[in-house]
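Since the structure comes first, as structure tokens, the remarks are kept for the end.
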Amino acid sequence: VGTDGQVLTADSTTSTGLKWGTVSAGVSNWTLLNAGGTSLTGATTVTVSGISNQKQILVLVSGASSANANAWIRLQINTDTAANYSQFGMWIQARDPYDVNILQNVANYSTATSIDLGKTGSNAGGQVSGAAFIDQADQTGWKRLSISAAGTDASHSGNFGPIGLATQGFYEGSAAVSSISIVSSSGNLDAGTVYVL
């Protein structure tokens, strides 16, 4: 017999076709992978590398801002800029005057080169904050994404206000997740922090 706590499992490499083994510990505790967070400044793309063997990844974006107004803040995996991202759900946009909200659907299937997190408003001081959850990140198949984020407008002026999203989606890249990037669609990122757990 095996030792205390072991289980009997099939193993075609043994003469009996069976072996004793230790049960997997399961999901480990969440750990901040980029100690202290990574500053979102000085480039249109900021990448956090060195991510490996993580079944689930939580990306938290706090106060991401671009030097330009009306900038989309986006997520990319493994610095992949190919059309491997799918996103479905809804986005809501506040327009000037800010008592008007427009609710629309998001339906991008295999056509996007990133995942939208949110859009700043008509002022360069606007920000985007939110979260993206990546499941099956350690696998070579598709990864499921869950996004909840929203933008703000620093001055509450202009014709187009910020956009927030609540979506689900997939990343269709074939490699396990080794890095994530936060990307500004217009101008360098100039404020905010990304935390990767």
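Ordering of the structure tokens sets the chain letters (A, B, ...); residue numbers start at 1 within each chain; ligands are numbered from 1 in the order shown.
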
| query | Residues at most 10 Å from range 12-20 of chain A, counting only C-alpha atoms, excluding those fewer than 3 positions away in the same chain, as a ChimeraX atom specification? | reply | /A:1-3,5-9,23

| said: I'd like the neighbourhood of Asp80 in chain A as number ranges by chain, where a residue qualifies if any of its atoms comes within 9 Å (using only C-alpha atoms), though same-chain residues fewer than 3 positions away should be ignored. | reply: A: 76-77, 83-84, 113-114, 173

| task | Name all residues at most 12 Å from Ser86 in chain A (count only C-alpha atoms; drop same-chain ones fewer than 6 positions away) and give them as a PyMOL selection string. | result | chain A and resi 75-76+106-116+142-147+167-173

Can you write out the residues you just picked, keeping C-alpha atoms, as a PDB file, in the first residue's frame?
ATOM      1  CA  LEU A  75      -5.323  44.575 -22.299  1.00  0.00           C
ATOM      2  CA  GLN A  76      -3.079  42.321 -24.374  1.00  0.00           C
ATOM      3  CA  VAL A 106     -20.174  44.667 -27.544  1.00  0.00           C
ATOM      4  CA  ALA A 107     -19.913  41.764 -29.992  1.00  0.00           C
ATOM      5  CA  ASN A 108     -16.394  41.299 -31.309  1.00  0.00           C
ATOM      6  CA  TYR A 109     -15.590  37.729 -32.237  1.00  0.00           C
ATOM      7  CA  SER A 110     -12.057  36.923 -33.395  1.00  0.00           C
ATOM      8  CA  THR A 111     -11.587  40.405 -34.832  1.00  0.00           C
ATOM      9  CA  ALA A 112     -10.011  42.385 -32.006  1.00  0.00           C
ATOM     10  CA  THR A 113      -6.275  42.782 -31.387  1.00  0.00           C
ATOM     11  CA  SER A 114      -6.789  43.469 -27.668  1.00  0.00           C
ATOM     12  CA  ILE A 115      -9.435  43.482 -24.944  1.00  0.00           C
ATOM     13  CA  ASP A 116     -11.073  46.834 -24.157  1.00  0.00           C
ATOM     14  CA  TRP A 142      -8.285  29.248 -25.240  1.00  0.00           C
ATOM     15  CA  LYS A 143      -8.391  31.355 -22.082  1.00  0.00           C
ATOM     16  CA  ARG A 144     -11.667  32.748 -20.710  1.00  0.00           C
ATOM     17  CA  LEU A 145     -11.767  36.445 -19.822  1.00  0.00           C
ATOM     18  CA  SER A 146     -14.100  38.410 -17.573  1.00  0.00           C
ATOM     19  CA  ILE A 147     -13.846  42.211 -17.634  1.00  0.00           C
ATOM     20  CA  THR A 167     -17.977  41.807 -20.725  1.00  0.00           C
ATOM     21  CA  GLN A 168     -16.926  38.209 -21.127  1.00  0.00           C
ATOM     22  CA  GLY A 169     -14.563  36.937 -23.766  1.00  0.00           C
ATOM     23  CA  PHE A 170     -11.773  34.652 -24.898  1.00  0.00           C
ATOM     24  CA  TYR A 171      -8.115  34.850 -25.781  1.00  0.00           C
ATOM     25  CA  GLU A 172      -7.440  32.380 -28.569  1.00  0.00           C
ATOM     26  CA  GLY A 173      -3.621  32.344 -28.451  1.00  0.00           C
TER      27      GLY A 173
END

| said: Between A:Gly192, A:Gly63, A:Gly151, A:Gly21, which residue has the minimum interatomic distance to Thr38 in chain A, considering only C-alpha atoms? | reply: A:Gly192

| said: Could you check the closest approach to Ala176 in chain A for each of A:Gly37, A:Gly89, A:Gly125, A:Gly141 and tell me which residue wins, using only C-alpha atoms? | reply: A:Gly141

| Selection: 10 Å around Lys55 in chain A, only C-alpha atoms, excl. self and same-chain fewer than 4 positions, as a list in words | Val27, Ser28, Ile134, Asp135, Gln136, Ala137, Asp138, Gln139, Lys143, Ala176 and Val177 of chain A

| request: DSSP on the backbone, then: every residue of range 55-147 of chain A marked strand (DSSP E or B), written as a PyMOL selection string. | output: chain A and resi 56-66+72-77+85-95+100-112+115-119+128-135+143-147

| said: Please compute the CA of Ser148 in chain A-CA of Val59 in chain A distance, one decimal, in Å. | reply: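 Those two atoms sit 10.7 Å apart.
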